[in-house]
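Shown below: my_file-v2.txt, with compact mmCIF, C-alpha atoms.
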```
# COMPACT_ATOMS: atom_id res chain seq x y z
CA MET A 22 0.00 0.00 0.00
CA GLU A 23 1.30 3.43 -0.91
CA PRO A 24 2.08 5.80 1.92
CA VAL A 25 -0.63 8.32 2.68
CA LYS A 26 0.48 11.57 1.11
CA GLU A 27 -2.26 13.77 2.44
CA VAL A 28 -5.53 13.50 4.24
CA GLN A 29 -8.09 12.46 1.68
CA SER A 30 -11.01 14.81 1.29
CA ALA A 31 -13.18 11.70 1.24
CA ILE A 32 -12.80 11.28 4.98
CA ASP A 33 -13.51 14.91 5.63
CA THR A 34 -16.81 15.07 7.42
CA ASP A 35 -17.58 18.21 5.42
CA LEU A 36 -18.23 15.93 2.47
CA LEU A 37 -21.38 14.89 4.24
CA GLN A 38 -22.65 18.40 3.73
CA PRO A 39 -24.52 18.87 0.47
CA GLU A 40 -22.55 21.91 -0.68
CA SER A 41 -19.28 20.01 -0.32
CA ILE A 42 -20.54 17.30 -2.63
CA GLU A 43 -20.94 19.92 -5.31
CA VAL A 44 -17.44 21.17 -4.65
CA ALA A 45 -16.17 17.59 -4.84
CA ILE A 46 -17.88 17.05 -8.17
CA GLU A 47 -16.46 20.27 -9.53
CA SER A 48 -12.93 19.75 -8.34
CA LYS A 49 -12.66 16.09 -9.29
CA SER A 50 -14.34 15.93 -12.66
CA LYS A 51 -15.29 19.18 -14.29
CA PRO A 52 -13.32 22.21 -13.26
CA CYS A 53 -15.89 24.55 -14.77
CA GLY A 54 -18.74 23.19 -12.62
CA ASP A 55 -21.21 20.38 -12.96
CA PHE A 56 -23.96 22.19 -14.83
CA TRP A 57 -26.48 20.92 -17.32
CA SER A 58 -28.74 22.89 -19.58
CA VAL A 59 -32.23 23.00 -20.99
CA GLY A 60 -32.35 25.24 -24.02
CA THR A 61 -30.53 28.39 -22.96
CA ILE A 62 -31.04 27.84 -19.22
CA GLU A 63 -28.01 26.55 -17.37
CA LEU A 64 -28.81 24.64 -14.20
CA ARG A 65 -26.74 23.47 -11.30
CA SER A 66 -29.53 21.60 -9.56
CA ARG A 67 -30.46 18.33 -11.18
CA LEU A 68 -33.75 18.10 -9.35
CA LEU A 69 -36.92 19.44 -10.96
CA LEU A 70 -39.97 19.64 -8.75
CA GLY A 71 -43.69 19.83 -9.37
CA THR A 72 -45.81 22.27 -7.38
CA SER A 73 -49.01 20.27 -7.09
CA GLY A 74 -50.48 18.76 -3.95
CA TYR A 75 -48.64 20.47 -1.12
CA PRO A 76 -50.65 20.79 2.11
CA ASN A 77 -50.32 24.60 1.91
CA PRO A 78 -48.30 27.33 0.11
CA SER A 79 -45.88 27.74 2.98
CA VAL A 80 -44.88 24.05 2.91
CA MET A 81 -44.53 24.33 -0.86
CA LEU A 82 -42.09 27.22 -0.60
CA GLU A 83 -40.12 25.57 2.20
CA SER A 84 -39.92 22.32 0.26
CA LEU A 85 -38.81 24.00 -2.95
CA ALA A 86 -36.14 25.88 -1.03
CA ALA A 87 -34.99 22.72 0.79
CA SER A 88 -34.75 20.84 -2.50
CA GLY A 89 -32.42 23.41 -4.05
CA THR A 90 -34.40 23.11 -7.28
CA GLN A 91 -34.00 25.76 -9.96
CA LEU A 92 -36.86 24.65 -12.21
CA VAL A 93 -40.42 23.87 -11.13
CA THR A 94 -43.48 22.82 -13.09
CA VAL A 95 -46.90 24.47 -13.13
CA ALA A 96 -50.12 23.67 -14.95
CA ILE A 97 -52.18 26.01 -17.13
CA ARG A 98 -55.79 26.13 -15.97
CA ARG A 99 -58.91 28.22 -16.36
CA ILE A 100 -59.28 31.28 -14.14
CA ASP A 101 -62.16 30.98 -11.70
CA ILE A 102 -64.06 34.03 -12.89
CA HIS A 103 -66.26 34.02 -9.78
CA ASP A 104 -63.39 33.82 -7.27
CA ARG A 105 -60.00 35.12 -8.28
CA SER A 106 -58.48 34.99 -4.80
CA ASP A 107 -56.39 31.91 -5.58
CA GLU A 108 -54.14 33.33 -8.29
CA SER A 109 -51.04 34.01 -6.30
CA LEU A 110 -48.94 31.03 -7.41
CA LEU A 111 -46.60 32.97 -9.70
CA GLU A 112 -46.18 35.68 -7.08
CA LEU A 113 -45.27 33.01 -4.51
CA LEU A 114 -42.80 31.32 -6.84
CA SER A 115 -41.18 34.65 -7.69
CA ARG A 116 -39.83 34.72 -4.13
CA LEU A 117 -37.42 31.91 -5.00
CA PRO A 118 -34.49 31.94 -7.46
CA ILE A 119 -36.19 29.50 -9.83
CA ASP A 120 -37.48 29.26 -13.37
CA VAL A 121 -41.00 28.07 -14.07
CA LEU A 122 -41.75 25.28 -16.53
CA PRO A 123 -45.39 25.13 -17.66
CA ASN A 124 -46.81 21.74 -18.53
CA THR A 125 -49.57 20.58 -20.85
CA ALA A 126 -51.05 18.18 -18.29
CA GLY A 127 -54.58 17.09 -19.07
CA CYS A 128 -54.16 17.24 -22.85
CA TYR A 129 -55.19 14.19 -24.87
CA THR A 130 -54.43 15.38 -28.40
CA ALA A 131 -51.59 17.19 -30.13
CA LYS A 132 -53.98 20.02 -30.97
CA GLU A 133 -54.93 20.56 -27.31
CA ALA A 134 -51.31 20.38 -26.19
CA VAL A 135 -50.17 22.94 -28.77
CA LEU A 136 -52.92 25.36 -27.71
CA VAL A 137 -52.03 24.96 -24.01
CA ALA A 138 -48.34 25.48 -24.80
CA GLU A 139 -49.21 28.67 -26.68
CA LEU A 140 -51.32 29.86 -23.73
CA ALA A 141 -48.48 28.98 -21.38
CA ARG A 142 -46.10 31.09 -23.43
CA GLU A 143 -48.43 34.05 -22.96
CA VAL A 144 -48.97 33.42 -19.24
CA LEU A 145 -45.33 32.95 -18.32
CA GLU A 146 -43.47 34.69 -21.13
CA THR A 147 -41.34 31.59 -21.66
CA ASP A 148 -40.66 29.27 -24.57
CA LEU A 149 -40.13 26.38 -22.19
CA VAL A 150 -42.81 23.72 -22.11
CA LYS A 151 -43.10 20.32 -20.49
CA LEU A 152 -45.05 18.48 -23.16
CA GLU A 153 -47.51 15.87 -21.92
CA VAL A 154 -50.03 14.23 -24.22
CA ILE A 155 -51.89 11.56 -22.33
CA GLY A 156 -53.51 8.52 -23.91
CA ASP A 157 -55.43 6.98 -21.05
CA ASP A 158 -57.06 8.15 -17.83
CA LYS A 159 -56.17 5.22 -15.66
CA THR A 160 -52.47 4.89 -16.42
CA LEU A 161 -51.82 8.45 -17.65
CA MET A 162 -49.47 6.86 -20.16
CA PRO A 163 -48.43 9.11 -23.04
CA ASP A 164 -50.03 8.84 -26.48
CA VAL A 165 -46.86 8.51 -28.53
CA GLU A 166 -48.41 9.32 -31.89
CA GLN A 167 -49.93 12.58 -30.62
CA LEU A 168 -46.83 13.37 -28.56
CA LEU A 169 -44.47 13.19 -31.54
CA GLN A 170 -46.83 15.29 -33.63
CA ALA A 171 -47.14 17.96 -30.92
CA ALA A 172 -43.38 17.97 -30.29
CA LYS A 173 -42.68 18.63 -33.97
CA THR A 174 -45.25 21.45 -34.21
CA LEU A 175 -43.99 23.14 -31.05
CA ILE A 176 -40.31 22.85 -31.94
CA ASP A 177 -41.08 24.31 -35.38
CA SER A 178 -42.79 27.21 -33.57
CA GLY A 179 -39.70 27.95 -31.48
CA PHE A 180 -40.68 26.22 -28.26
CA VAL A 181 -38.08 24.61 -26.01
CA VAL A 182 -39.72 21.24 -25.51
CA LEU A 183 -39.14 18.89 -22.60
CA ALA A 184 -41.10 15.83 -23.62
CA TYR A 185 -42.64 13.52 -21.05
CA THR A 186 -42.75 10.07 -22.61
CA ASN A 187 -42.94 6.39 -21.91
CA ASP A 188 -39.74 4.41 -21.44
CA ASP A 189 -39.56 3.16 -25.01
CA PRO A 190 -36.03 3.69 -26.39
CA ILE A 191 -37.21 4.23 -29.96
CA THR A 192 -39.75 6.89 -29.00
CA CYS A 193 -37.12 8.62 -26.91
CA ARG A 194 -34.70 8.59 -29.82
CA LYS A 195 -37.35 10.01 -32.14
CA LEU A 196 -38.08 12.84 -29.68
CA ALA A 197 -34.36 13.58 -29.40
CA ASP A 198 -34.00 13.55 -33.20
CA LEU A 199 -36.89 16.01 -33.50
CA GLY A 200 -34.86 18.44 -31.40
CA CYS A 201 -36.44 18.22 -27.96
CA ALA A 202 -34.39 20.15 -25.41
CA ALA A 203 -34.86 17.23 -23.01
CA VAL A 204 -36.47 13.81 -23.24
CA MET A 205 -38.19 12.66 -20.06
CA PRO A 206 -39.07 8.98 -19.87
CA LEU A 207 -41.22 7.84 -16.96
CA ALA A 208 -39.85 5.56 -14.25
CA ALA A 209 -43.40 4.37 -13.52
CA PRO A 210 -46.90 5.83 -13.95
CA ILE A 211 -47.46 9.38 -12.65
CA GLY A 212 -48.07 9.45 -8.90
CA SER A 213 -47.57 5.68 -8.54
CA GLY A 214 -44.36 5.92 -6.52
CA MET A 215 -43.26 2.55 -7.85
CA GLY A 216 -39.73 3.66 -8.64
CA LEU A 217 -37.74 2.51 -11.67
CA VAL A 218 -39.81 -0.43 -12.88
CA ASN A 219 -37.66 -0.98 -15.97
CA PRO A 220 -34.13 0.22 -15.30
CA TYR A 221 -32.89 -1.77 -18.31
CA ASN A 222 -34.95 0.35 -20.70
CA LEU A 223 -33.86 3.51 -18.95
CA GLN A 224 -30.25 2.43 -19.34
CA LEU A 225 -30.78 1.66 -23.03
CA ILE A 226 -32.38 5.07 -23.52
CA ARG A 227 -29.33 6.69 -21.96
CA GLU A 228 -26.96 4.69 -24.15
CA MET A 229 -28.92 5.54 -27.30
CA ASN A 230 -29.14 9.27 -26.52
CA THR A 231 -25.81 10.67 -25.46
CA ASP A 232 -26.29 14.22 -26.73
CA THR A 233 -29.79 15.09 -25.49
CA PRO A 234 -30.44 15.82 -21.82
CA LEU A 235 -32.47 13.03 -20.27
CA VAL A 236 -34.68 13.40 -17.22
CA VAL A 237 -36.47 10.62 -15.36
CA ASP A 238 -39.97 11.99 -14.90
CA ALA A 239 -42.78 10.38 -12.92
CA GLY A 240 -42.95 7.33 -10.73
CA ILE A 241 -40.19 8.18 -8.25
CA GLY A 242 -41.25 6.96 -4.79
CA THR A 243 -38.36 7.75 -2.49
CA ALA A 244 -34.79 8.98 -2.36
CA SER A 245 -33.15 5.72 -3.50
CA ASP A 246 -35.20 5.83 -6.73
CA ALA A 247 -33.87 9.29 -7.49
CA ALA A 248 -30.32 8.18 -6.72
CA LEU A 249 -30.65 5.16 -9.02
CA ALA A 250 -31.91 7.32 -11.89
CA MET A 251 -28.87 9.54 -11.50
CA GLU A 252 -26.53 6.55 -11.23
CA LEU A 253 -27.82 5.40 -14.61
CA GLY A 254 -26.42 8.63 -16.02
CA TYR A 255 -29.57 10.69 -16.30
CA ASP A 256 -29.07 14.42 -16.30
CA ALA A 257 -31.85 15.09 -13.80
CA VAL A 258 -35.04 13.79 -12.21
CA LEU A 259 -38.45 15.42 -12.01
CA ILE A 260 -40.46 14.67 -8.89
CA ASN A 261 -43.82 15.80 -7.62
CA THR A 262 -45.96 13.38 -5.60
CA ALA A 263 -43.08 11.67 -3.77
CA VAL A 264 -42.34 15.01 -2.12
CA THR A 265 -45.76 16.62 -1.82
CA LYS A 266 -47.50 13.55 -0.40
CA ALA A 267 -44.67 12.49 1.90
CA LYS A 268 -45.47 12.63 5.60
CA HIS A 269 -42.95 15.47 5.86
CA PRO A 270 -42.59 17.15 2.45
CA VAL A 271 -39.77 19.51 3.45
CA GLN A 272 -37.65 16.64 4.78
CA MET A 273 -38.35 14.56 1.68
CA ALA A 274 -37.38 17.50 -0.53
CA ALA A 275 -34.04 17.65 1.31
CA ALA A 276 -33.68 13.86 1.00
CA MET A 277 -34.26 14.08 -2.75
CA ARG A 278 -31.70 16.86 -3.04
CA ASN A 279 -29.07 14.70 -1.37
CA ALA A 280 -30.11 11.56 -3.28
CA VAL A 281 -29.77 13.31 -6.62
CA ARG A 282 -26.35 14.60 -5.63
CA ALA A 283 -25.24 11.20 -4.33
CA GLY A 284 -26.46 9.50 -7.49
CA ARG A 285 -24.74 12.04 -9.69
CA LEU A 286 -21.49 11.72 -7.74
CA ALA A 287 -21.66 7.90 -7.92
CA HIS A 288 -22.27 8.08 -11.67
CA LEU A 289 -19.24 10.30 -12.14
CA ALA A 290 -17.16 8.13 -9.80
CA GLY A 291 -18.08 5.00 -11.79
CA ARG A 292 -19.63 1.96 -10.15
CA ILE A 293 -17.78 -1.35 -10.07
CA PRO A 294 -19.01 -4.04 -12.45
CA ARG A 295 -21.40 -6.64 -11.05
CA ARG A 296 -19.84 -10.10 -10.51
CA PHE A 297 -21.67 -13.36 -10.07
CA TYR A 298 -19.11 -14.79 -7.65
CA ALA A 299 -17.39 -13.28 -4.66
CA GLN A 300 -14.04 -11.60 -4.86
CA ALA A 301 -12.23 -11.34 -1.54
CA SER A 302 -11.42 -7.80 -0.63
CA SER A 303 -8.83 -8.84 1.98
CA SER A 304 -5.61 -10.32 0.61
CA MET A 305 -5.31 -14.14 0.95
CA GLU A 306 -1.59 -13.80 1.53
CA GLY A 307 -0.32 -14.24 5.11
CA ARG A 308 -3.42 -15.88 6.51
CA VAL A 309 -3.01 -17.34 10.02
CA GLY A 310 -2.29 -21.08 10.11
CA LYS A 311 -1.76 -21.47 6.31
CA MET B 15 -79.35 43.42 -28.75
CA ALA B 16 -76.92 41.23 -26.85
CA ILE B 17 -74.24 38.69 -27.66
CA ASP B 18 -74.09 35.26 -26.06
CA ILE B 19 -70.68 33.78 -25.49
CA ILE B 20 -69.13 30.98 -23.45
CA VAL B 21 -66.45 32.00 -20.95
CA ASN B 22 -64.46 29.17 -19.39
CA GLY B 23 -67.33 26.81 -20.04
CA ASP B 24 -70.08 29.07 -18.65
CA ALA B 25 -72.65 30.99 -20.67
CA SER B 26 -72.32 34.76 -20.52
CA THR B 27 -74.27 37.62 -22.09
CA LEU B 28 -72.69 40.94 -23.03
CA GLU B 29 -73.91 44.08 -24.76
CA ASN B 30 -73.60 44.17 -28.50
CA GLY B 31 -70.22 45.56 -29.59
CA SER B 32 -68.44 44.44 -26.42
CA THR B 33 -64.73 43.80 -26.68
CA LEU B 34 -62.52 41.30 -24.93
CA ALA B 35 -61.34 44.17 -22.72
CA ASP B 36 -64.97 44.83 -21.67
CA LEU B 37 -65.34 41.19 -20.70
CA LEU B 38 -62.13 41.27 -18.67
CA GLU B 39 -63.27 44.39 -16.86
CA THR B 40 -66.38 42.56 -15.67
CA ILE B 41 -64.11 40.22 -13.72
CA ASP B 42 -61.92 43.05 -12.40
CA LEU B 43 -58.94 42.38 -14.61
CA ASP B 44 -56.87 45.47 -15.26
CA ILE B 45 -55.95 44.92 -18.89
CA GLU B 46 -53.01 47.33 -18.76
CA LYS B 47 -51.35 45.93 -15.67
CA THR B 48 -52.39 42.32 -15.43
CA ARG B 49 -49.75 39.67 -15.95
CA GLY B 50 -49.81 35.91 -15.84
CA ILE B 51 -53.09 35.63 -17.76
CA ALA B 52 -53.66 34.35 -21.29
CA VAL B 53 -56.71 34.37 -23.51
CA ALA B 54 -57.85 32.18 -26.39
CA ILE B 55 -60.99 32.78 -28.45
CA ASN B 56 -62.22 29.86 -30.52
CA ASN B 57 -58.90 28.09 -29.87
CA GLU B 58 -56.80 30.99 -31.17
CA ILE B 59 -54.51 32.97 -28.87
CA VAL B 60 -55.36 36.66 -28.44
CA ARG B 61 -52.28 38.50 -27.25
CA GLN B 62 -52.52 41.20 -24.61
CA PRO B 63 -52.01 44.20 -26.97
CA GLU B 64 -55.03 42.98 -28.96
CA TRP B 65 -57.42 42.67 -25.99
CA LYS B 66 -58.74 46.21 -26.28
CA GLY B 67 -59.68 46.04 -29.92
CA ARG B 68 -60.94 42.49 -30.11
CA GLU B 69 -64.73 42.49 -30.57
CA LEU B 70 -66.70 39.52 -29.35
CA ASN B 71 -69.36 37.75 -31.38
CA THR B 72 -72.23 35.48 -30.45
CA GLY B 73 -71.01 31.91 -30.14
CA ASP B 74 -67.42 32.81 -29.24
CA LEU B 75 -65.69 30.33 -26.95
CA VAL B 76 -63.44 32.31 -24.63
CA GLU B 77 -60.77 30.67 -22.48
CA LEU B 78 -59.10 32.70 -19.73
CA VAL B 79 -56.20 30.87 -18.13
CA THR B 80 -53.41 31.29 -15.62
CA ALA B 81 -50.73 29.19 -13.93
CA ARG B 82 -51.81 26.75 -11.24
CA GLN B 83 -49.99 24.18 -9.17
CA GLY B 84 -48.99 21.30 -11.41
CA GLY B 85 -46.55 18.45 -11.80
```
Is it possible to express this structure as structure tokens?
Amino acid sequence: MEPVKEVQSAIDTDLLQPESIEVAIESKSKPCGDFWSVGTIELRSRLLLGTSGYPNPSVMLESLAASGTQLVTVAIRRIDIHDRSDESLLELLSRLPIDVLPNTAGCYTAKEAVLVAELAREVLETDLVKLEVIGDDKTLMPDVEQLLQAAKTLIDSGFVVLAYTNDDPITCRKLADLGCAAVMPLAAPIGSGMGLVNPYNLQLIREMNTDTPLVVDAGIGTASDAALAMELGYDAVLINTAVTKAKHPVQMAAAMRNAVRAGRLAHLAGRIPRRFYAQASSSMEGRVGK
Amino acid sequence: MAIDIIVNGDASTLENGSTLADLLETIDLDIEKTRGIAVAINNEIVRQPEWKGRELNTGDLVELVTARQGG
């Protein structure tokens, strides 16, 4: 064993602090910082959060802050023309240093999704859109035919499209080829919390799309799911229900923040290959009585 | 004479010659200052600078939207 030249930063207890993990990533792998981008937006946080289902606005803001997210999703919905007291979401979100990503949730056809994206552009003055075109009420699985059609129309109209899709490698490749700013395969159905039900497909999708940012969207249940998605080399994860419906949303938001960082760090560090048989980690040489 | 339109799924009646701006005033929307609102009439976006001059016609389907919590 080589003599110890200096105290390794790995045993520094500071590494247990989230900010130090970022520093570690930056100093060990990419001197310019471990950023990723969506369109023209450069992001340090690799955790995208939804805003739906928090017990109250204050828990939402605390959770978003605890998560360190820089990009959160919102839906586009009709104004209640009889009671406009509940329109403060954008004002609330403006208190945090985050960008807002409108979605097309609830759309079942390309035509509906394109209209909602156009409305979203007016509401939020952004070209960003999380494109969802759903094919079925029960599973909320995407309708691939309509999704591809909507993605093409929106990209041609100058939108920066983050496409929520199923975990089919060919569909993901088609969305990337169309020019989506990010392709976002599901880990499991929306709100199911089942985690990565087909990590093999997700791995294939990563291997087949090296140039387009990939985000695991939907189905994350707990922190280890988020870490696994990042270990597979995904650029980010998008989480809503796992945080908002946790017993303690703020704590879960912090857990997800750390899980995403741990997964990212493990991905960069490089996991060991799996082996079927054991390989002794202690040397066999010099055993007692042999 | 009046015009009958649908606003966010509900029937609404306005005076003949009413504009989109008139409709928005009835729900206390300041068309000069308001932000974070978008309008579509018959599935076509009507941008904010056009609100004042856009006349409404019987049968128009008006959608007024904003951002809500979503995933």
May I ask you to extract the residues of chain B within 9 Å of chain A, using all atoms listed in the file, and to give them as an mmCIF file with C-alpha atoms, keeping the file's coordinate frame?
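Now in result.cif:
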```
data_model
loop_
_atom_site.group_PDB
_atom_site.id
_atom_site.type_symbol
_atom_site.label_atom_id
_atom_site.label_comp_id
_atom_site.auth_asym_id
_atom_site.auth_seq_id
_atom_site.Cartn_x
_atom_site.Cartn_y
_atom_site.Cartn_z
ATOM 1 C CA VAL B 21 -66.450 32.000 -20.950
ATOM 2 C CA ASN B 22 -64.460 29.170 -19.390
ATOM 3 C CA ILE B 41 -64.110 40.220 -13.720
ATOM 4 C CA ARG B 49 -49.750 39.670 -15.950
ATOM 5 C CA GLY B 50 -49.810 35.910 -15.840
ATOM 6 C CA ILE B 51 -53.090 35.630 -17.760
ATOM 7 C CA ALA B 52 -53.660 34.350 -21.290
ATOM 8 C CA VAL B 53 -56.710 34.370 -23.510
ATOM 9 C CA ALA B 54 -57.850 32.180 -26.390
ATOM 10 C CA ASN B 57 -58.900 28.090 -29.870
ATOM 11 C CA GLU B 58 -56.800 30.990 -31.170
ATOM 12 C CA ILE B 59 -54.510 32.970 -28.870
ATOM 13 C CA ARG B 61 -52.280 38.500 -27.250
ATOM 14 C CA GLN B 62 -52.520 41.200 -24.610
ATOM 15 C CA GLU B 77 -60.770 30.670 -22.480
ATOM 16 C CA LEU B 78 -59.100 32.700 -19.730
ATOM 17 C CA VAL B 79 -56.200 30.870 -18.130
ATOM 18 C CA THR B 80 -53.410 31.290 -15.620
ATOM 19 C CA ALA B 81 -50.730 29.190 -13.930
ATOM 20 C CA ARG B 82 -51.810 26.750 -11.240
ATOM 21 C CA GLN B 83 -49.990 24.180 -9.170
ATOM 22 C CA GLY B 84 -48.990 21.300 -11.410
ATOM 23 C CA GLY B 85 -46.550 18.450 -11.800
#
```
Checklist entry - Skipping near chain neighbours, those fewer than 4 positions away, what residues fall within 10 Å of segment 201-207 of chain A using all atoms listed in the file, listed as a PyMOL selection string? => result chain A and resi 58-61+149-152+162-163+172-173+175-176+180-190+192-197+211+216-219+222-223+226+230+232-241+255-259
Item to check | Coordinates-based distance that separates atom CA of Gly156 of chain A from atom CA of Leu199 of chain A (Å, one decimal) | outcome: 20.6 Å
Next on the checklist: Every residue with an atom at most 8 Å from (-52.1, 13.6, -25.4) (file coordinates; only C-alpha atoms) is what I'm after, so could you write them as a list in words?
Outcome noted: Gly127, Cys128, Tyr129, Thr130, Ala131, Glu133, Ala134, Glu153, Val154, Ile155, Gly156, Pro163, Asp164, Val165, Gln167 and Leu168 of chain A
Checklist entry - atom CA of Thr147 of chain A and atom CA of Leu34 of chain B, how far apart in Å? => result 23.5 Å
Contact table segment 229-254 of chain A vs segment 288-300 of chain A, cut-off 8 Å, shortest pair per residue, all atoms listed in the file, as a tab-separated table:
```
residue	atom	partner	partner_atom	distance
A:Met251	CA	A:His288	CA	6.8
A:Glu252	CA	A:His288	CA	4.5
A:Leu253	CA	A:His288	CA	6.8
A:Gly254	CA	A:His288	CA	6.0
```
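Closest approach to Ser178 of chain A among A:Ile191, A:Val135, A:Leu286, A:Ala244: A:Val135, based on only C-alpha atoms.
For the set A:Ala171, A:Ala86, A:Gln91, A:Ser213, the residue with the smallest atom-to-atom gap to Trp57 of chain A is A:Gln91, counting all atoms listed in the file.
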Next on the checklist: Show me, as a PyMOL selection string, the residues that have an atom within 8 Å of Ile17 of chain B when counting all atoms listed in the file, minus same-chain residues fewer than 6 positions from it.
Outcome noted: chain B and resi 27-30+70-73
Next on the checklist: Using all atoms listed in the file for the distances, tell me which of B:Gly31, B:Thr48, B:Asp42, B:Ile20 is nearest to Asp74 of chain B.
Outcome noted: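 Nearest to Asp74 of chain B: B:Ile20.
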Write a file for segment 60-89 of chain A, containing C-alpha atoms (output as a compact mmCIF listing (two decimals), in the first residue's frame).
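The result, stored in part_30.txt:
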```
# COMPACT_ATOMS: atom_id res chain seq x y z
CA GLY A 60 -32.35 25.24 -24.02
CA THR A 61 -30.53 28.39 -22.96
CA ILE A 62 -31.04 27.84 -19.22
CA GLU A 63 -28.01 26.55 -17.37
CA LEU A 64 -28.81 24.64 -14.20
CA ARG A 65 -26.74 23.47 -11.30
CA SER A 66 -29.53 21.60 -9.56
CA ARG A 67 -30.46 18.33 -11.18
CA LEU A 68 -33.75 18.10 -9.35
CA LEU A 69 -36.92 19.44 -10.96
CA LEU A 70 -39.97 19.64 -8.75
CA GLY A 71 -43.69 19.83 -9.37
CA THR A 72 -45.81 22.27 -7.38
CA SER A 73 -49.01 20.27 -7.09
CA GLY A 74 -50.48 18.76 -3.95
CA TYR A 75 -48.64 20.47 -1.12
CA PRO A 76 -50.65 20.79 2.11
CA ASN A 77 -50.32 24.60 1.91
CA PRO A 78 -48.30 27.33 0.11
CA SER A 79 -45.88 27.74 2.98
CA VAL A 80 -44.88 24.05 2.91
CA MET A 81 -44.53 24.33 -0.86
CA LEU A 82 -42.09 27.22 -0.60
CA GLU A 83 -40.12 25.57 2.20
CA SER A 84 -39.92 22.32 0.26
CA LEU A 85 -38.81 24.00 -2.95
CA ALA A 86 -36.14 25.88 -1.03
CA ALA A 87 -34.99 22.72 0.79
CA SER A 88 -34.75 20.84 -2.50
CA GLY A 89 -32.42 23.41 -4.05
```
